[in-house]
Every structure is written in structure tokens, then in C-alpha cells.
Amino acid sequence: MKSPYSTITQIQTFFDKKGIRAQKKFGQNFLIDQNIVEYIVNIAKPSFTEPDISLAEIGIGLGTLTYPILSLRKQTDLFEIDFAYIQLAKDEILPKFPNATLHEGDALGNLFHIFPKKVFVFGNLPYHLTTEIINTLIIHCQHFKGGIFMVQKEFAERLVKETSSLSVFLSAFCDVKYLKTVHKNCFFPIPKIHSALILLTPKQQKGELNWVPKSNVEVELWSRMLRTLFWGKRKQIQVSLRESPFSDDPKFREALGEALLRSQIPPTKRPEELNREQFLNLGQHLLDILSK
């Protein structure tokens, strides 16, 4: 089923009727290209073929993607912060789709509703919250089945092409695939920059090079290790190990130094010179050392 607010004329009519406009503070640029809508749904379908997997959408807006998602007839959690679209959902969407549950307010404060579920997540994410939302999902969703997200093109390119603290952190939990560039003209109002679709697929544990942090302690350790190594742009690992505020604990610093030796990583290397498998191997060695 198609949203009744999927063209510029329909959106403007809705805005005029309600006396509202798109809110920049919420990053509201509404997708109007139906080819992209169909692409998103079709590319995601293979990820939730199991009958007990539920769906979620972060930021439903005018329902451009919501209607097609809910038409799949799976239990779906909807997250929306803007009162105008909360009311729209209550008036027009929820009565049509009993499989939908609406969570009002800030998504980050409400994501706990899906933490215990086997869930696949859709989201057109505001730039300033993209990293925090993705990290929250992969860390706290106990049975995260993946997600497809609309993000800024530059962010997506950095995530898949660069070796950074964030890209390496995510690599312990999931594979990230750059799916498609989405031109800014596919939205209304038209944003200043292009967007991109990325697909997150949870990793399957197959040996130590596919180590996945399992507990809060392991996640914090993995995060602290990466913040230490990437502290100071392009600094050698030995410099960061010595000077980073994240390695001020002597026990942690000594353990990370030992993990580097076991991983056969020269301390004169810079983080961007390592591959993601080396980071994962290093993280496993660090955990082993500190667990003794």
C-alpha cells in the first residue's frame, strides 16, 4: 500500500492543512521517489523471511516507507518524535494496520522496546544521531537481524571505505554494505547533499577472526581499545598507547602492549595501516589477557 502523502503536491497540501512545515532540527526531508521505496523494501526482504522476526521503523514521518512496510503484515514497531506525524499515525495509519505499535518521542529513549526482539530495522536517520542510533541497535538489540538505513552519502562512504574507530567498531558486530546513492532530488524539501542506503548484516561467529563482543564488559573493552589506538590523528600506535587519556590505567596499557606483541603488530604502525581482521584479533588477545 502506498502512502497518501508521497508526492510534493500531496505533502504541500498536508502542510497547508495542518499549518506546519518540515522541521530542520529533526532532519525532515521526505522521500518522494517511489522507485527508491520499492528498492528499500525488496532489498530488505531476504533478511526477515523467518516468521518470528518483527520489523521497526525509526522516524515514520508521512509514512512513505511505513505503508509498504506495514503491508508486509509483520509485527512492526514505529518510532516518531514529531507530534504532527504522531497524530497522523494515530488518525490514519494505526486504524488500518493492527500489526503496528507506535512509540512516541525520542527514538533513542524508546529503542528499548525492541531490544529483546528478533528485529530488522528501517530508518531515515538524522545525521547528528546516526552513529548513536546504529551503535545502540547493534550493542543492545539481543537478536538484531539487520537494518537498512538512509544516511548522508559522505557518512556511508567513510563507513565502508575508511579505517576509522567507528568502522572498525561496527566490524566486530556486523558487515556494512553500501547499497545505493540516493540523489537529493529524491526528497522534499530538497536537502543540500546526497544520501546513501547502507545495509547492516549481523556477523556469524566463525573462528577468532569473527569475534563478536558478547557482554557489556567486552563491548566497553573493545570501544576503549579503539579509542586508544585512534587517539590523535595518524599517530603511531606506540605514541597513542603512551599518551592517550584512554590508556591511563597501567594495567590496561600493559595488557594492550602485550596484545600487540601477540598479534605481531609493530608499535610503529598507525591504525589506518591495519586491516579489520588485525583489530579483531587484537581485541580477542586483549580480552584473553585481561580475563586471566
# chains A, B, ... in the order shown; residues from 1 in each chain; ligands from 1
call {"tool": "residues_around", "arguments": {"residues": "A:Leu129", "least_positions_apart": "3", "cutoff": "12 Å", "atoms": "only C-alpha atoms", "output": "list in words"}}
result
Lys25, Phe26, Gly27, Ile58, Gly59, Asp106, Ala107, Leu108, Gly123, Asn124, Leu125, Pro126, Glu132, Ile133, Ile134, Asn135, Thr136, Val151, Gln152 and Phe155 of chain A
call {"tool": "residues_around", "arguments": {"residues": "A:Ala255", "least_positions_apart": "4", "cutoff": "7 Å", "atoms": "only C-alpha atoms", "output": "JSON list (two decimals) with all heavy atoms, in the first residue's frame"}}
result
[["chain", "number", "residue", "atom", "x", "y", "z"],
["A", 251, "LYS", "N", 47.35, -1.11, 34.09],
["A", 251, "LYS", "CA", 47.01, -2.49, 33.80],
["A", 251, "LYS", "C", 46.49, -2.63, 32.37],
["A", 251, "LYS", "O", 46.88, -3.55, 31.64],
["A", 251, "LYS", "CB", 45.95, -2.99, 34.79],
["A", 251, "LYS", "CG", 45.56, -4.44, 34.58],
["A", 251, "LYS", "CD", 44.51, -4.88, 35.61],
["A", 251, "LYS", "CE", 44.10, -6.34, 35.36],
["A", 251, "LYS", "NZ", 43.05, -6.78, 36.33],
["A", 259, "ALA", "N", 49.05, -7.52, 24.04],
["A", 259, "ALA", "CA", 48.18, -7.96, 22.95],
["A", 259, "ALA", "C", 48.77, -7.60, 21.59],
["A", 259, "ALA", "O", 48.66, -8.37, 20.63],
["A", 259, "ALA", "CB", 46.79, -7.35, 23.11],
["A", 286, "LEU", "N", 43.47, -9.05, 23.75],
["A", 286, "LEU", "CA", 43.36, -8.16, 24.89],
["A", 286, "LEU", "C", 42.37, -8.72, 25.91],
["A", 286, "LEU", "O", 42.63, -8.70, 27.12],
["A", 286, "LEU", "CB", 42.91, -6.77, 24.42],
["A", 286, "LEU", "CG", 42.69, -5.70, 25.51],
["A", 286, "LEU", "CD1", 43.98, -5.45, 26.28],
["A", 286, "LEU", "CD2", 42.19, -4.41, 24.88],
["A", 289, "ILE", "N", 43.95, -11.64, 27.80],
["A", 289, "ILE", "CA", 44.95, -11.21, 28.79],
["A", 289, "ILE", "C", 44.30, -10.64, 30.02],
["A", 289, "ILE", "O", 44.67, -10.97, 31.16],
["A", 289, "ILE", "CB", 45.91, -10.17, 28.15],
["A", 289, "ILE", "CG1", 46.74, -10.81, 27.04],
["A", 289, "ILE", "CG2", 46.81, -9.53, 29.21],
["A", 289, "ILE", "CD1", 47.46, -9.82, 26.15],
["A", 290, "LEU", "N", 43.29, -9.81, 29.84],
["A", 290, "LEU", "CA", 42.64, -9.17, 30.98],
["A", 290, "LEU", "C", 41.69, -10.10, 31.74],
["A", 290, "LEU", "O", 41.28, -9.81, 32.86],
["A", 290, "LEU", "CB", 41.86, -7.93, 30.51],
["A", 290, "LEU", "CG", 42.73, -6.75, 30.07],
["A", 290, "LEU", "CD1", 41.88, -5.63, 29.50],
["A", 290, "LEU", "CD2", 43.56, -6.21, 31.24]]
call {"tool": "select_by_dssp", "arguments": {"residues": "stretch 205-259 of chain A", "states": "helix (DSSP H, G or I)", "output": "VMD selection string"}}
result
chain A and resid 208 to 210 216 to 229 237 to 243 245 to 247 250 to 259
call {"tool": "write_last_selection", "arguments": {"atoms": "N, CA, C and O atoms", "output": "compact mmCIF listing (two decimals), in the first residue's frame"}}
result
# COMPACT_ATOMS: atom_id res chain seq x y z
N GLU A 208 38.13 -17.06 15.54
CA GLU A 208 38.53 -15.89 16.31
C GLU A 208 38.54 -14.61 15.49
O GLU A 208 38.38 -13.51 16.02
N LEU A 209 38.72 -14.73 14.17
CA LEU A 209 38.73 -13.52 13.35
C LEU A 209 37.33 -12.96 13.16
O LEU A 209 37.15 -11.91 12.57
N ASN A 210 36.33 -13.69 13.64
CA ASN A 210 34.97 -13.18 13.62
C ASN A 210 34.44 -13.03 15.04
O ASN A 210 33.27 -13.23 15.31
N ASN A 216 28.57 -6.48 28.15
CA ASN A 216 28.84 -5.04 28.28
C ASN A 216 30.31 -4.79 28.56
O ASN A 216 30.89 -3.80 28.07
N VAL A 217 30.93 -5.68 29.33
CA VAL A 217 32.35 -5.53 29.64
C VAL A 217 33.19 -5.66 28.37
O VAL A 217 34.11 -4.87 28.13
N GLU A 218 32.86 -6.64 27.54
CA GLU A 218 33.62 -6.84 26.30
C GLU A 218 33.40 -5.68 25.32
O GLU A 218 34.32 -5.25 24.63
N VAL A 219 32.17 -5.18 25.24
CA VAL A 219 31.89 -4.03 24.37
C VAL A 219 32.68 -2.81 24.82
O VAL A 219 33.28 -2.10 24.01
N GLU A 220 32.70 -2.56 26.12
CA GLU A 220 33.44 -1.42 26.65
C GLU A 220 34.93 -1.58 26.40
O GLU A 220 35.63 -0.61 26.07
N LEU A 221 35.44 -2.78 26.54
CA LEU A 221 36.85 -3.05 26.30
C LEU A 221 37.21 -2.80 24.84
O LEU A 221 38.23 -2.18 24.52
N TRP A 222 36.37 -3.30 23.95
CA TRP A 222 36.56 -3.11 22.51
C TRP A 222 36.54 -1.62 22.16
O TRP A 222 37.39 -1.13 21.41
N SER A 223 35.59 -0.89 22.72
CA SER A 223 35.48 0.54 22.48
C SER A 223 36.71 1.28 23.01
O SER A 223 37.27 2.15 22.34
N ARG A 224 37.13 0.93 24.23
CA ARG A 224 38.27 1.62 24.84
C ARG A 224 39.56 1.36 24.06
O ARG A 224 40.38 2.26 23.89
N MET A 225 39.72 0.14 23.60
CA MET A 225 40.90 -0.18 22.80
C MET A 225 40.96 0.68 21.54
O MET A 225 42.01 1.24 21.19
N LEU A 226 39.82 0.80 20.84
CA LEU A 226 39.81 1.57 19.60
C LEU A 226 39.98 3.06 19.85
O LEU A 226 40.67 3.76 19.10
N ARG A 227 39.37 3.57 20.92
CA ARG A 227 39.55 4.99 21.26
C ARG A 227 41.01 5.28 21.59
O ARG A 227 41.52 6.36 21.29
N THR A 228 41.68 4.31 22.20
CA THR A 228 43.11 4.47 22.50
C THR A 228 43.93 4.51 21.22
O THR A 228 44.75 5.41 21.02
N LEU A 229 43.72 3.54 20.35
CA LEU A 229 44.53 3.42 19.15
C LEU A 229 44.30 4.55 18.16
O LEU A 229 45.23 4.99 17.47
N ILE A 237 50.97 3.85 16.90
CA ILE A 237 50.30 3.16 17.99
C ILE A 237 51.05 3.34 19.30
O ILE A 237 50.45 3.55 20.36
N GLN A 238 52.36 3.29 19.26
CA GLN A 238 53.15 3.41 20.49
C GLN A 238 52.98 4.79 21.14
O GLN A 238 52.99 4.90 22.37
N VAL A 239 52.75 5.82 20.33
CA VAL A 239 52.53 7.16 20.87
C VAL A 239 51.16 7.23 21.55
O VAL A 239 51.02 7.75 22.66
N SER A 240 50.14 6.71 20.86
CA SER A 240 48.80 6.72 21.44
C SER A 240 48.73 5.88 22.71
O SER A 240 48.08 6.25 23.68
N LEU A 241 49.43 4.75 22.69
CA LEU A 241 49.43 3.88 23.86
C LEU A 241 50.04 4.59 25.06
O LEU A 241 49.60 4.41 26.20
N ARG A 242 51.00 5.43 24.79
CA ARG A 242 51.70 6.14 25.87
C ARG A 242 50.97 7.40 26.32
O ARG A 242 50.95 7.74 27.50
N GLU A 243 50.31 8.09 25.37
CA GLU A 243 49.80 9.43 25.66
C GLU A 243 48.27 9.54 25.71
O GLU A 243 47.75 10.52 26.23
N PRO A 245 44.51 9.54 26.78
CA PRO A 245 43.83 9.52 28.08
C PRO A 245 43.02 8.24 28.30
O PRO A 245 42.66 7.93 29.43
N PHE A 246 42.76 7.50 27.23
CA PHE A 246 42.00 6.26 27.37
C PHE A 246 42.86 5.10 27.84
O PHE A 246 42.36 4.02 28.16
N SER A 247 44.20 5.30 27.85
CA SER A 247 45.11 4.23 28.28
C SER A 247 45.85 4.62 29.55
O SER A 247 46.97 4.17 29.79
N PRO A 250 47.46 1.74 34.10
CA PRO A 250 48.66 0.95 33.82
C PRO A 250 48.35 -0.49 33.44
O PRO A 250 49.00 -1.06 32.55
N LYS A 251 47.35 -1.11 34.09
CA LYS A 251 47.01 -2.49 33.80
C LYS A 251 46.49 -2.63 32.37
O LYS A 251 46.88 -3.55 31.64
N PHE A 252 45.61 -1.70 31.97
CA PHE A 252 45.08 -1.73 30.60
C PHE A 252 46.20 -1.48 29.60
O PHE A 252 46.29 -2.17 28.58
N ARG A 253 47.05 -0.49 29.86
CA ARG A 253 48.13 -0.14 28.94
C ARG A 253 49.10 -1.31 28.75
O ARG A 253 49.51 -1.63 27.64
N GLU A 254 49.42 -1.96 29.85
CA GLU A 254 50.33 -3.11 29.78
C GLU A 254 49.69 -4.27 29.01
O GLU A 254 50.34 -4.93 28.20
N ALA A 255 48.40 -4.50 29.25
CA ALA A 255 47.70 -5.58 28.57
C ALA A 255 47.61 -5.32 27.07
O ALA A 255 47.79 -6.24 26.26
N LEU A 256 47.33 -4.08 26.69
CA LEU A 256 47.24 -3.75 25.27
C LEU A 256 48.61 -3.88 24.60
O LEU A 256 48.70 -4.35 23.46
N GLY A 257 49.67 -3.51 25.31
CA GLY A 257 51.02 -3.70 24.77
C GLY A 257 51.33 -5.16 24.54
O GLY A 257 51.91 -5.54 23.50
N GLU A 258 50.92 -6.02 25.49
CA GLU A 258 51.12 -7.46 25.33
C GLU A 258 50.28 -8.01 24.18
O GLU A 258 50.74 -8.87 23.42
N ALA A 259 49.05 -7.52 24.04
CA ALA A 259 48.18 -7.96 22.95
C ALA A 259 48.77 -7.60 21.59
O ALA A 259 48.66 -8.37 20.63
call {"tool": "residues_around", "arguments": {"residues": "A:Gln87", "least_positions_apart": "6", "cutoff": "12 Å", "atoms": "only C-alpha atoms", "output": "list in words"}}
result
Lys18, Ile60, Gly61, Leu62, Gly63, Glu80, Ile81, Ile93, Leu94, Pro95, Leu102, His103 and Glu104 of chain A
call {"tool": "write_last_selection", "arguments": {"atoms": "N, CA and C atoms", "output": "tab-separated table (two decimals), in the first residue's frame"}}
result
chain	number	residue	atom	x	y	z
A	18	LYS	N	-2.49	21.49	7.88
A	18	LYS	CA	-2.10	21.40	9.29
A	18	LYS	C	-1.37	22.66	9.79
A	60	ILE	N	8.91	7.78	11.20
A	60	ILE	CA	7.94	7.39	10.16
A	60	ILE	C	7.51	8.57	9.30
A	61	GLY	N	7.60	9.79	9.84
A	61	GLY	CA	7.22	10.95	9.06
A	61	GLY	C	5.83	10.84	8.47
A	62	LEU	N	5.74	11.03	7.16
A	62	LEU	CA	4.45	10.98	6.46
A	62	LEU	C	4.08	9.58	5.99
A	63	GLY	N	4.87	8.60	6.38
A	63	GLY	CA	4.51	7.21	6.09
A	63	GLY	C	4.92	6.70	4.72
A	80	GLU	N	8.48	7.76	16.37
A	80	GLU	CA	8.32	9.11	15.83
A	80	GLU	C	8.36	10.13	16.95
A	81	ILE	N	9.04	11.25	16.70
A	81	ILE	CA	9.19	12.29	17.72
A	81	ILE	C	8.30	13.50	17.46
A	93	ILE	N	-2.89	5.74	10.16
A	93	ILE	CA	-2.09	4.53	9.93
A	93	ILE	C	-2.48	3.39	10.87
A	94	LEU	N	-2.50	3.66	12.16
A	94	LEU	CA	-2.80	2.61	13.13
A	94	LEU	C	-4.16	1.95	12.93
A	95	PRO	N	-5.20	2.73	12.57
A	95	PRO	CA	-6.51	2.07	12.34
A	95	PRO	C	-6.49	1.07	11.19
A	102	LEU	N	3.00	2.07	17.99
A	102	LEU	CA	3.64	3.38	17.89
A	102	LEU	C	4.30	3.76	19.21
A	103	HIS	N	5.56	4.22	19.12
A	103	HIS	CA	6.28	4.71	20.28
A	103	HIS	C	6.56	6.20	20.08
A	104	GLU	N	6.00	7.01	20.94
A	104	GLU	CA	6.08	8.46	20.79
A	104	GLU	C	7.30	9.03	21.50
call {"tool": "atom_distance", "arguments": {"atom1": "atom CA of A:Gln75", "atom2": "atom CA of A:Pro4"}}
result
21.7 Å
call {"tool": "residues_around", "arguments": {"residues": "A:Lys145", "least_positions_apart": "5", "cutoff": "7 Å", "atoms": "only C-alpha atoms", "output": "PDB file with all heavy atoms, in the first residue's frame"}}
result
ATOM      1  N   SER A  47      16.185 -10.585   4.464  1.00  0.00           N
ATOM      2  CA  SER A  47      16.720 -10.554   5.826  1.00  0.00           C
ATOM      3  C   SER A  47      15.694 -10.910   6.888  1.00  0.00           C
ATOM      4  O   SER A  47      16.054 -11.105   8.048  1.00  0.00           O
ATOM      5  CB  SER A  47      17.300  -9.163   6.136  1.00  0.00           C
ATOM      6  OG  SER A  47      18.356  -8.841   5.261  1.00  0.00           O
ATOM      7  N   LYS A 118      13.628 -10.336  17.932  1.00  0.00           N
ATOM      8  CA  LYS A 118      14.289 -10.584  16.668  1.00  0.00           C
ATOM      9  C   LYS A 118      13.761  -9.530  15.701  1.00  0.00           C
ATOM     10  O   LYS A 118      12.601  -9.588  15.277  1.00  0.00           O
ATOM     11  CB  LYS A 118      13.954 -11.980  16.145  1.00  0.00           C
ATOM     12  CG  LYS A 118      14.552 -13.125  16.937  1.00  0.00           C
ATOM     13  CD  LYS A 118      14.216 -14.459  16.277  1.00  0.00           C
ATOM     14  CE  LYS A 118      14.820 -15.616  17.034  1.00  0.00           C
ATOM     15  NZ  LYS A 118      14.497 -16.922  16.399  1.00  0.00           N
ATOM     16  N   VAL A 119      14.589  -8.555  15.379  1.00  0.00           N
ATOM     17  CA  VAL A 119      14.055  -7.392  14.678  1.00  0.00           C
ATOM     18  C   VAL A 119      14.958  -6.943  13.540  1.00  0.00           C
ATOM     19  O   VAL A 119      16.189  -6.960  13.646  1.00  0.00           O
ATOM     20  CB  VAL A 119      13.819  -6.225  15.672  1.00  0.00           C
ATOM     21  CG1 VAL A 119      15.118  -5.784  16.320  1.00  0.00           C
ATOM     22  CG2 VAL A 119      13.102  -5.059  15.017  1.00  0.00           C
ATOM     23  N   PHE A 120      14.332  -6.553  12.454  1.00  0.00           N
ATOM     24  CA  PHE A 120      15.006  -5.892  11.337  1.00  0.00           C
ATOM     25  C   PHE A 120      14.523  -4.441  11.335  1.00  0.00           C
ATOM     26  O   PHE A 120      13.322  -4.181  11.432  1.00  0.00           O
ATOM     27  CB  PHE A 120      14.671  -6.566  10.007  1.00  0.00           C
ATOM     28  CG  PHE A 120      15.436  -5.994   8.840  1.00  0.00           C
ATOM     29  CD1 PHE A 120      16.650  -6.546   8.459  1.00  0.00           C
ATOM     30  CD2 PHE A 120      14.963  -4.899   8.138  1.00  0.00           C
ATOM     31  CE1 PHE A 120      17.372  -6.022   7.388  1.00  0.00           C
ATOM     32  CE2 PHE A 120      15.668  -4.358   7.077  1.00  0.00           C
ATOM     33  CZ  PHE A 120      16.882  -4.926   6.699  1.00  0.00           C
ATOM     34  N   THR A 201      24.320  -6.188   8.262  1.00  0.00           N
ATOM     35  CA  THR A 201      24.017  -7.607   8.410  1.00  0.00           C
ATOM     36  C   THR A 201      24.826  -8.169   9.558  1.00  0.00           C
ATOM     37  O   THR A 201      26.061  -8.070   9.538  1.00  0.00           O
ATOM     38  CB  THR A 201      24.361  -8.384   7.117  1.00  0.00           C
ATOM     39  OG1 THR A 201      23.695  -7.772   6.007  1.00  0.00           O
ATOM     40  CG2 THR A 201      23.950  -9.831   7.238  1.00  0.00           C
ATOM     41  N   PRO A 202      24.187  -8.737  10.579  1.00  0.00           N
ATOM     42  CA  PRO A 202      24.927  -9.262  11.730  1.00  0.00           C
ATOM     43  C   PRO A 202      25.933 -10.321  11.313  1.00  0.00           C
ATOM     44  O   PRO A 202      25.679 -11.129  10.421  1.00  0.00           O
ATOM     45  CB  PRO A 202      23.831  -9.873  12.612  1.00  0.00           C
ATOM     46  CG  PRO A 202      22.573  -9.227  12.170  1.00  0.00           C
ATOM     47  CD  PRO A 202      22.736  -8.925  10.714  1.00  0.00           C
TER      48      PRO A 202
END
call {"tool": "select_by_dssp", "arguments": {"residues": "stretch 100-239 of chain A", "states": "strand (DSSP E)", "output": "MDAnalysis selection string"}}
result
chainID A and resid 100:104 118:124 143:152 174:182 187:188 195:202
call {"tool": "atom_distance", "arguments": {"atom1": "atom CA of A:Phe30", "atom2": "atom CA of A:Pro98"}}
result
24.4 Å
call {"tool": "closest_residue", "arguments": {"among": "A:Lys2, A:Ala56, A:Phe279, A:Lys177", "to": "A:Leu137", "atoms": "only C-alpha atoms"}}
result
A:Ala56
